[in-house]
file model-v4.txt (compact mmCIF, C-alpha atoms and all ligand atoms)
# COMPACT_ATOMS: atom_id res chain seq x y z
CA MET A 26 21.91 -3.33 -8.26
CA GLY A 27 18.16 -3.24 -8.71
CA VAL A 28 15.37 -4.68 -10.86
CA PRO A 29 15.38 -3.71 -14.53
CA GLY A 30 13.92 -0.18 -14.63
CA ALA A 31 14.90 0.64 -11.04
CA GLY A 32 16.99 3.57 -12.28
CA LYS A 33 20.46 2.03 -12.32
CA GLY A 34 21.42 3.64 -15.64
CA THR A 35 19.96 7.06 -14.76
CA HIS A 36 21.59 7.29 -11.33
CA ALA A 37 24.85 5.77 -12.53
CA ALA A 38 25.05 8.54 -15.14
CA ALA A 39 24.50 11.22 -12.46
CA LEU A 40 27.10 9.64 -10.20
CA SER A 41 29.53 9.34 -13.08
CA GLU A 42 29.26 13.08 -13.69
CA LYS A 43 29.45 13.96 -9.99
CA LEU A 44 32.45 11.73 -9.23
CA ARG A 45 34.12 12.10 -12.66
CA ALA A 46 34.33 8.35 -12.92
CA PRO A 47 33.33 6.34 -16.01
CA GLN A 48 29.98 4.56 -16.01
CA ILE A 49 30.43 0.98 -17.10
CA SER A 50 27.10 -0.40 -18.23
CA THR A 51 27.14 -4.00 -19.37
CA GLY A 52 23.72 -3.48 -21.01
CA ASP A 53 25.09 -0.56 -23.09
CA MET A 54 28.26 -2.48 -23.95
CA LEU A 55 26.27 -5.51 -25.05
CA ARG A 56 23.85 -3.36 -27.09
CA ALA A 57 26.86 -1.72 -28.79
CA ALA A 58 28.25 -5.19 -29.61
CA VAL A 59 24.85 -6.18 -31.06
CA SER A 60 24.70 -3.02 -33.22
CA ALA A 61 28.27 -3.56 -34.41
CA GLY A 62 27.36 -7.16 -35.32
CA ASP A 63 30.56 -8.49 -33.75
CA PRO A 64 30.81 -12.12 -32.53
CA LEU A 65 29.97 -11.23 -28.91
CA GLY A 66 26.92 -9.27 -30.08
CA ARG A 67 25.73 -12.11 -32.29
CA GLU A 68 25.94 -14.52 -29.36
CA ALA A 69 24.30 -12.13 -26.87
CA GLU A 70 21.45 -10.83 -29.04
CA GLY A 71 19.01 -13.72 -28.67
CA TYR A 72 19.29 -13.78 -24.89
CA MET A 73 18.81 -10.02 -24.70
CA ASN A 74 15.76 -9.90 -26.96
CA ARG A 75 14.12 -12.66 -24.90
CA GLY A 76 14.88 -10.71 -21.72
CA GLU A 77 17.25 -13.40 -20.44
CA LEU A 78 20.64 -12.86 -18.85
CA VAL A 79 23.50 -13.53 -21.22
CA PRO A 80 25.92 -16.26 -20.04
CA ASP A 81 28.40 -15.14 -17.38
CA ARG A 82 31.45 -15.94 -19.52
CA LEU A 83 30.42 -13.31 -22.11
CA VAL A 84 30.08 -10.40 -19.66
CA ILE A 85 32.84 -11.18 -17.14
CA GLU A 86 35.63 -10.83 -19.69
CA LEU A 87 34.07 -7.63 -21.04
CA VAL A 88 33.99 -5.97 -17.60
CA VAL A 89 37.38 -7.16 -16.35
CA GLN A 90 39.01 -5.76 -19.51
CA ARG A 91 37.11 -2.49 -19.22
CA VAL A 92 37.99 -1.77 -15.55
CA ASN A 93 41.67 -2.29 -16.38
CA GLU A 94 41.64 0.57 -18.91
CA ALA A 95 43.44 3.81 -18.01
CA ASP A 96 40.34 5.91 -17.28
CA CYS A 97 39.32 3.51 -14.49
CA THR A 98 42.46 3.83 -12.35
CA THR A 99 40.87 6.41 -10.03
CA GLY A 100 37.46 4.77 -9.93
CA PHE A 101 34.46 3.59 -11.93
CA ILE A 102 30.76 2.94 -11.55
CA LEU A 103 29.43 -0.46 -12.52
CA ASP A 104 25.88 -0.35 -13.84
CA GLY A 105 24.08 -3.66 -14.26
CA PHE A 106 27.03 -5.79 -13.23
CA PRO A 107 27.45 -8.09 -11.36
CA ARG A 108 24.01 -9.63 -11.84
CA THR A 109 24.79 -13.15 -10.61
CA VAL A 110 26.83 -14.64 -7.77
CA GLY A 111 29.11 -16.15 -10.44
CA GLN A 112 29.86 -12.67 -11.81
CA ALA A 113 30.42 -11.27 -8.30
CA LYS A 114 32.88 -14.06 -7.51
CA ALA A 115 34.69 -13.57 -10.83
CA LEU A 116 35.10 -9.86 -10.08
CA ARG A 117 36.52 -10.65 -6.66
CA ALA A 118 38.82 -13.33 -8.09
CA ALA A 119 40.11 -10.83 -10.68
CA GLY A 120 41.07 -8.50 -7.79
CA VAL A 121 38.58 -5.78 -8.80
CA LYS A 122 37.78 -3.91 -5.56
CA LEU A 123 34.42 -2.26 -4.93
CA ASP A 124 33.74 0.40 -2.26
CA VAL A 125 29.97 0.17 -2.22
CA VAL A 126 27.22 -2.11 -3.48
CA LEU A 127 24.10 -0.01 -3.81
CA GLU A 128 20.73 -1.67 -4.29
CA LEU A 129 17.78 0.38 -5.56
CA HIS A 130 14.39 -0.80 -4.34
CA VAL A 131 11.25 0.04 -6.40
CA PRO A 132 7.74 -1.56 -6.24
CA GLU A 133 6.81 -3.79 -9.22
CA ALA A 134 3.79 -1.76 -10.47
CA GLU A 135 5.97 1.34 -10.73
CA ILE A 136 8.62 -0.63 -12.64
CA ILE A 137 6.15 -1.79 -15.31
CA GLU A 138 4.96 1.79 -15.89
CA ARG A 139 8.53 3.07 -16.08
CA MET A 140 9.87 0.47 -18.47
CA THR A 141 7.10 0.34 -21.01
CA GLY A 142 7.44 4.15 -21.42
CA ARG A 143 11.22 4.13 -21.59
CA ARG A 144 13.00 5.30 -24.74
CA ILE A 145 16.73 5.35 -25.35
CA HIS A 146 19.19 7.07 -27.65
CA PRO A 147 21.22 4.06 -28.78
CA ALA A 148 24.47 5.89 -29.64
CA SER A 149 24.89 7.62 -26.25
CA GLY A 150 22.81 5.44 -23.91
CA ARG A 151 20.77 8.53 -22.88
CA ILE A 152 17.46 7.51 -21.35
CA TYR A 153 14.06 9.23 -21.62
CA HIS A 154 10.49 8.40 -20.61
CA VAL A 155 7.43 9.36 -22.64
CA THR A 156 5.76 11.08 -19.64
CA ARG A 157 8.25 11.21 -16.75
CA HIS A 158 11.27 12.54 -18.65
CA PRO A 159 10.20 13.39 -22.21
CA PRO A 160 12.68 14.69 -24.77
CA ARG A 161 12.15 18.28 -25.97
CA VAL A 162 10.94 16.95 -29.34
CA ALA A 163 8.91 13.73 -29.17
CA GLY A 164 10.92 10.72 -30.31
CA ARG A 165 14.17 12.70 -30.74
CA ASP A 166 17.36 12.89 -28.65
CA ASP A 167 17.87 16.36 -27.06
CA ALA A 168 21.58 16.63 -27.89
CA THR A 169 21.73 15.17 -31.41
CA GLY A 170 18.13 15.21 -32.70
CA GLU A 171 18.54 11.56 -33.66
CA ALA A 172 15.68 9.06 -33.36
CA LEU A 173 14.98 7.43 -29.98
CA MET A 174 14.04 3.75 -29.78
CA GLN A 175 12.21 1.41 -27.46
CA ARG A 176 14.37 -1.50 -26.41
CA PRO A 177 12.83 -4.79 -27.62
CA ASP A 178 13.16 -6.11 -24.05
CA ASP A 179 11.03 -3.23 -22.67
CA ALA A 180 7.82 -4.76 -24.10
CA GLU A 181 5.45 -5.58 -21.22
CA GLU A 182 5.54 -9.39 -21.35
CA ILE A 183 9.33 -9.32 -21.58
CA VAL A 184 9.51 -6.86 -18.66
CA ARG A 185 7.48 -9.28 -16.51
CA LYS A 186 9.83 -12.12 -17.40
CA ARG A 187 12.91 -10.01 -16.64
CA LEU A 188 11.46 -9.05 -13.24
CA ALA A 189 10.77 -12.68 -12.32
CA ASP A 190 14.28 -13.72 -13.43
CA TYR A 191 15.81 -10.85 -11.49
CA GLN A 192 14.09 -11.84 -8.25
CA ALA A 193 15.40 -15.38 -8.66
CA VAL A 194 19.08 -14.39 -8.79
CA ALA A 195 19.10 -11.06 -6.94
CA SER A 196 18.37 -12.42 -3.49
CA ALA A 197 21.38 -14.74 -3.78
CA LEU A 198 23.57 -11.87 -4.98
CA THR A 199 22.46 -9.54 -2.18
CA ALA A 200 23.02 -12.31 0.36
CA TYR A 201 26.52 -12.88 -1.05
CA TYR A 202 27.52 -9.23 -0.54
CA ARG A 203 25.79 -8.96 2.87
CA GLN A 204 27.62 -12.04 4.15
CA TRP A 205 30.94 -10.77 2.82
CA ALA A 206 30.39 -7.38 4.51
CA ALA A 207 29.40 -9.10 7.78
CA SER A 208 32.57 -11.23 7.70
CA GLY A 209 34.66 -8.23 8.74
CA ASP A 210 36.94 -8.51 5.67
CA PRO A 211 38.30 -4.96 5.09
CA ASP A 212 38.08 -5.54 1.31
CA ALA A 213 34.33 -6.20 1.46
CA PRO A 214 32.18 -3.48 -0.12
CA ARG A 215 29.66 -1.61 2.04
CA CYS A 216 26.08 -2.67 1.26
CA LEU A 217 23.45 0.06 0.92
CA ARG A 218 19.75 -0.34 0.12
CA VAL A 219 18.04 2.82 -1.15
CA ASP A 220 14.38 3.60 -1.93
CA GLY A 221 14.44 4.21 -5.71
CA SER A 222 10.70 4.96 -6.10
CA GLY A 223 9.26 8.27 -7.30
CA GLY A 224 10.70 10.79 -9.73
CA VAL A 225 14.32 10.91 -10.86
CA ALA A 226 15.23 13.97 -8.75
CA THR A 227 13.70 12.55 -5.57
CA SER A 228 15.37 9.17 -5.84
CA ARG A 229 18.69 10.74 -6.92
CA THR A 230 18.66 12.83 -3.72
CA ARG A 231 18.29 9.60 -1.71
CA VAL A 232 21.09 7.88 -3.64
CA PHE A 233 23.49 10.81 -3.19
CA ALA A 234 22.61 11.12 0.51
CA ALA A 235 23.22 7.40 1.08
CA LEU A 236 26.69 7.83 -0.45
CA GLY A 237 27.42 10.98 1.55
CA LEU A 238 27.31 13.17 -1.58
CA GLN A 239 25.33 16.38 -2.07
P1 LIG B 1 20.26 -3.59 -18.93
O1 LIG B 1 20.51 -2.52 -19.93
O2 LIG B 1 21.21 -3.51 -17.75
O3 LIG B 1 18.82 -3.70 -18.52
O4 LIG B 1 20.62 -4.99 -19.67
C1 LIG B 1 19.92 -5.40 -20.83
C2 LIG B 1 20.16 -6.87 -21.09
O5 LIG B 1 21.57 -7.10 -21.29
C3 LIG B 1 19.78 -7.81 -19.97
O6 LIG B 1 18.41 -8.16 -19.98
C4 LIG B 1 20.68 -9.00 -20.27
O7 LIG B 1 20.19 -9.75 -21.37
C5 LIG B 1 21.95 -8.33 -20.71
N1 LIG B 1 22.84 -8.04 -19.57
C6 LIG B 1 23.26 -6.81 -19.13
N2 LIG B 1 24.09 -6.92 -18.09
C7 LIG B 1 24.21 -8.25 -17.84
C8 LIG B 1 24.92 -9.02 -16.89
N3 LIG B 1 25.69 -8.43 -15.95
N4 LIG B 1 24.81 -10.38 -16.95
C9 LIG B 1 24.05 -10.98 -17.88
N5 LIG B 1 23.33 -10.32 -18.80
C10 LIG B 1 23.42 -8.97 -18.80
call {"tool": "encode", "arguments": {"input": "model-v4.txt", "output": "structure tokens", "more": "lines below"}}
Ligand code: AMP
result
Amino acid sequence: MGVPGAGKGTHAAALSEKLRAPQISTGDMLRAAVSAGDPLGREAEGYMNRGELVPDRLVIELVVQRVNEADCTTGFILDGFPRTVGQAKALRAAGVKLDVVLELHVPEAEIIERMTGRRIHPASGRIYHVTRHPPRVAGRDDATGEALMQRPDDAEEIVRKRLADYQAVASALTAYYRQWAASGDPDAPRCLRVDGSGGVATSRTRVFAALGLQ
């Protein structure tokens, strides 16, 4: 978990490689549905472009189906899900077990700078930043040479709205997982809060250390 731009996608990708577990990003899945123009994408697109959360019913089904696919039997990394208490409860009700809930904490000013400079390669979900993590050729993906894009929801006024919305629901979500962990239920995920500020390598070191990885 973490505010938009906290580094969820970047660190989830590194963890996915390290643990050989698929990264399941609801943002990437929804963007793929929008590009494909399928019914889910058509319904989700307006919410996404305005920087709003899409309704729970659209994402819950998507994730529950995905974690039941064969490549998830030995583990998976959820990136950007759950984002609401409703989604967290639905995951629990579906019997999807989590080991750890990791929250990345980054100050707001740093988030604005990160997000407005962010560029993505839509086909792969690879993420760059115009100054912090530039591609080898400006505006082009390193692996394919294809054009990078700025997400419509990374425009500054939309970023500010997404941050405000995040704060409103995130504290309830964090409280939900903290209370569950404190209840002593052996199925409750461990809750970790990690400083996600600074460069990618620095914050990745903190994330890996918090998880006991090298
Ligand atoms: P992200 O790539 O994680 O920043 O997500 C981009 C956008 O997709 C969000 O601003 C939401 O509109 C939508 N989205 C992604 N994940 C979720 C989720 N778990 N619940 C609701 N909306 C989501």
call {"tool": "closest_residue", "arguments": {"input": "model-v4.txt", "among": "A:His36, A:Gly105, A:Gly100, A:Arg161", "to": "Leu55 of chain A", "atoms": "all atoms listed in the file"}}
result
A:Gly105
call {"tool": "residues_near_ligand", "arguments": {"input": "model-v4.txt", "ligand": "ligand LIG 1 (chain B)", "cutoff": "9 Å", "atoms": "all atoms listed in the file", "output": "MDAnalysis selection string"}}
result
chainID A and resid 28:30 33:34 50:56 69:81 83:85 88 104:109 112 176 178:179 187
call {"tool": "write_last_selection", "arguments": {"input": "model-v4.txt", "atoms": "C-alpha atoms", "output": "PDB file, in the coordinates of the input"}}
result
ATOM      1  CA  VAL A  28      15.370  -4.680 -10.860  1.00  0.00           C
ATOM      2  CA  PRO A  29      15.380  -3.710 -14.530  1.00  0.00           C
ATOM      3  CA  GLY A  30      13.920  -0.180 -14.630  1.00  0.00           C
ATOM      4  CA  LYS A  33      20.460   2.030 -12.320  1.00  0.00           C
ATOM      5  CA  GLY A  34      21.420   3.640 -15.640  1.00  0.00           C
ATOM      6  CA  SER A  50      27.100  -0.400 -18.230  1.00  0.00           C
ATOM      7  CA  THR A  51      27.140  -4.000 -19.370  1.00  0.00           C
ATOM      8  CA  GLY A  52      23.720  -3.480 -21.010  1.00  0.00           C
ATOM      9  CA  ASP A  53      25.090  -0.560 -23.090  1.00  0.00           C
ATOM     10  CA  MET A  54      28.260  -2.480 -23.950  1.00  0.00           C
ATOM     11  CA  LEU A  55      26.270  -5.510 -25.050  1.00  0.00           C
ATOM     12  CA  ARG A  56      23.850  -3.360 -27.090  1.00  0.00           C
ATOM     13  CA  ALA A  69      24.300 -12.130 -26.870  1.00  0.00           C
ATOM     14  CA  GLU A  70      21.450 -10.830 -29.040  1.00  0.00           C
ATOM     15  CA  GLY A  71      19.010 -13.720 -28.670  1.00  0.00           C
ATOM     16  CA  TYR A  72      19.290 -13.780 -24.890  1.00  0.00           C
ATOM     17  CA  MET A  73      18.810 -10.020 -24.700  1.00  0.00           C
ATOM     18  CA  ASN A  74      15.760  -9.900 -26.960  1.00  0.00           C
ATOM     19  CA  ARG A  75      14.120 -12.660 -24.900  1.00  0.00           C
ATOM     20  CA  GLY A  76      14.880 -10.710 -21.720  1.00  0.00           C
ATOM     21  CA  GLU A  77      17.250 -13.400 -20.440  1.00  0.00           C
ATOM     22  CA  LEU A  78      20.640 -12.860 -18.850  1.00  0.00           C
ATOM     23  CA  VAL A  79      23.500 -13.530 -21.220  1.00  0.00           C
ATOM     24  CA  PRO A  80      25.920 -16.260 -20.040  1.00  0.00           C
ATOM     25  CA  ASP A  81      28.400 -15.140 -17.380  1.00  0.00           C
ATOM     26  CA  LEU A  83      30.420 -13.310 -22.110  1.00  0.00           C
ATOM     27  CA  VAL A  84      30.080 -10.400 -19.660  1.00  0.00           C
ATOM     28  CA  ILE A  85      32.840 -11.180 -17.140  1.00  0.00           C
ATOM     29  CA  VAL A  88      33.990  -5.970 -17.600  1.00  0.00           C
ATOM     30  CA  ASP A 104      25.880  -0.350 -13.840  1.00  0.00           C
ATOM     31  CA  GLY A 105      24.080  -3.660 -14.260  1.00  0.00           C
ATOM     32  CA  PHE A 106      27.030  -5.790 -13.230  1.00  0.00           C
ATOM     33  CA  PRO A 107      27.450  -8.090 -11.360  1.00  0.00           C
ATOM     34  CA  ARG A 108      24.010  -9.630 -11.840  1.00  0.00           C
ATOM     35  CA  THR A 109      24.790 -13.150 -10.610  1.00  0.00           C
ATOM     36  CA  GLN A 112      29.860 -12.670 -11.810  1.00  0.00           C
ATOM     37  CA  ARG A 176      14.370  -1.500 -26.410  1.00  0.00           C
ATOM     38  CA  ASP A 178      13.160  -6.110 -24.050  1.00  0.00           C
ATOM     39  CA  ASP A 179      11.030  -3.230 -22.670  1.00  0.00           C
ATOM     40  CA  ARG A 187      12.910 -10.010 -16.640  1.00  0.00           C
TER      41      ARG A 187
END
call {"tool": "closest_residue", "arguments": {"input": "model-v4.txt", "among": "A:Pro159, A:Gly237, A:Pro147, A:Gly111", "to": "Val59 of chain A", "atoms": "all atoms listed in the file"}}
result
A:Pro147
call {"tool": "closest_residue", "arguments": {"input": "model-v4.txt", "among": "A:Met174, A:Leu217, A:Ala119, A:Ile137", "to": "Lys186 of chain A", "atoms": "all atoms listed in the file"}}
result
A:Ile137
call {"tool": "residues_near_point", "arguments": {"input": "model-v4.txt", "point": "(24.3, -11.8, -2.3)", "cutoff": "12 Å", "atoms": "all atoms listed in the file", "output": "CSV table (one decimal) with C-alpha atoms, in the coordinates of the input"}}
result
chain,number,residue,atom,x,y,z
A,26,MET,CA,21.9,-3.3,-8.3
A,107,PRO,CA,27.4,-8.1,-11.4
A,108,ARG,CA,24.0,-9.6,-11.8
A,109,THR,CA,24.8,-13.2,-10.6
A,110,VAL,CA,26.8,-14.6,-7.8
A,111,GLY,CA,29.1,-16.2,-10.4
A,112,GLN,CA,29.9,-12.7,-11.8
A,113,ALA,CA,30.4,-11.3,-8.3
A,114,LYS,CA,32.9,-14.1,-7.5
A,126,VAL,CA,27.2,-2.1,-3.5
A,127,LEU,CA,24.1,0.0,-3.8
A,128,GLU,CA,20.7,-1.7,-4.3
A,192,GLN,CA,14.1,-11.8,-8.2
A,193,ALA,CA,15.4,-15.4,-8.7
A,194,VAL,CA,19.1,-14.4,-8.8
A,195,ALA,CA,19.1,-11.1,-6.9
A,196,SER,CA,18.4,-12.4,-3.5
A,197,ALA,CA,21.4,-14.7,-3.8
A,198,LEU,CA,23.6,-11.9,-5.0
A,199,THR,CA,22.5,-9.5,-2.2
A,200,ALA,CA,23.0,-12.3,0.4
A,201,TYR,CA,26.5,-12.9,-1.0
A,202,TYR,CA,27.5,-9.2,-0.5
A,203,ARG,CA,25.8,-9.0,2.9
A,204,GLN,CA,27.6,-12.0,4.2
A,205,TRP,CA,30.9,-10.8,2.8
A,206,ALA,CA,30.4,-7.4,4.5
A,207,ALA,CA,29.4,-9.1,7.8
A,214,PRO,CA,32.2,-3.5,-0.1
A,216,CYS,CA,26.1,-2.7,1.3
call {"tool": "residues_around", "arguments": {"input": "model-v4.txt", "residues": "Arg139 of chain A", "least_positions_apart": "5", "cutoff": "9 Å", "atoms": "only C-alpha atoms", "output": "number ranges by chain"}}
result
A: 30-31, 134, 154, 157
call {"tool": "atom_distance", "arguments": {"input": "model-v4.txt", "atom1": "atom CA of Lys122 of chain A", "atom2": "atom CA of Val219 of chain A"}}
result
21.3 Å
call {"tool": "atom_distance", "arguments": {"input": "model-v4.txt", "atom1": "atom CA of Ala172 of chain A", "atom2": "atom CA of Lys43 of chain A"}}
result
27.6 Å
call {"tool": "residues_near_point", "arguments": {"input": "model-v4.txt", "point": "(16.5, 15.1, -24.8)", "cutoff": "12 Å", "atoms": "only C-alpha atoms", "output": "ChimeraX atom specification"}}
result
/A:144-146,149-155,158-173
call {"tool": "atom_distance", "arguments": {"input": "model-v4.txt", "atom1": "atom CA of Ala115 of chain A", "atom2": "atom CA of Ala148 of chain A"}}
result
28.9 Å
call {"tool": "axis_aligned_box", "arguments": {"input": "model-v4.txt", "around": "segment 78-96 of chain A", "padding_each_side": "3 Å", "output": "AutoDock Vina command-line options"}}
result
--center_x 32.0 --center_y -5.2 --center_z -18.8 --size_x 28.8 --size_y 28.2 --size_z 12.6
call {"tool": "residues_around", "arguments": {"input": "model-v4.txt", "residues": "Leu40 of chain A", "least_positions_apart": "3", "cutoff": "10 Å", "atoms": "all atoms listed in the file", "output": "list in words"}}
result
Gly34, Thr35, His36, Ala37, Lys43, Leu44, Arg45, Ala46, Pro47, Gln48, Phe101, Ile102, Arg229, Val232, Phe233, Leu236 and Leu238 of chain A
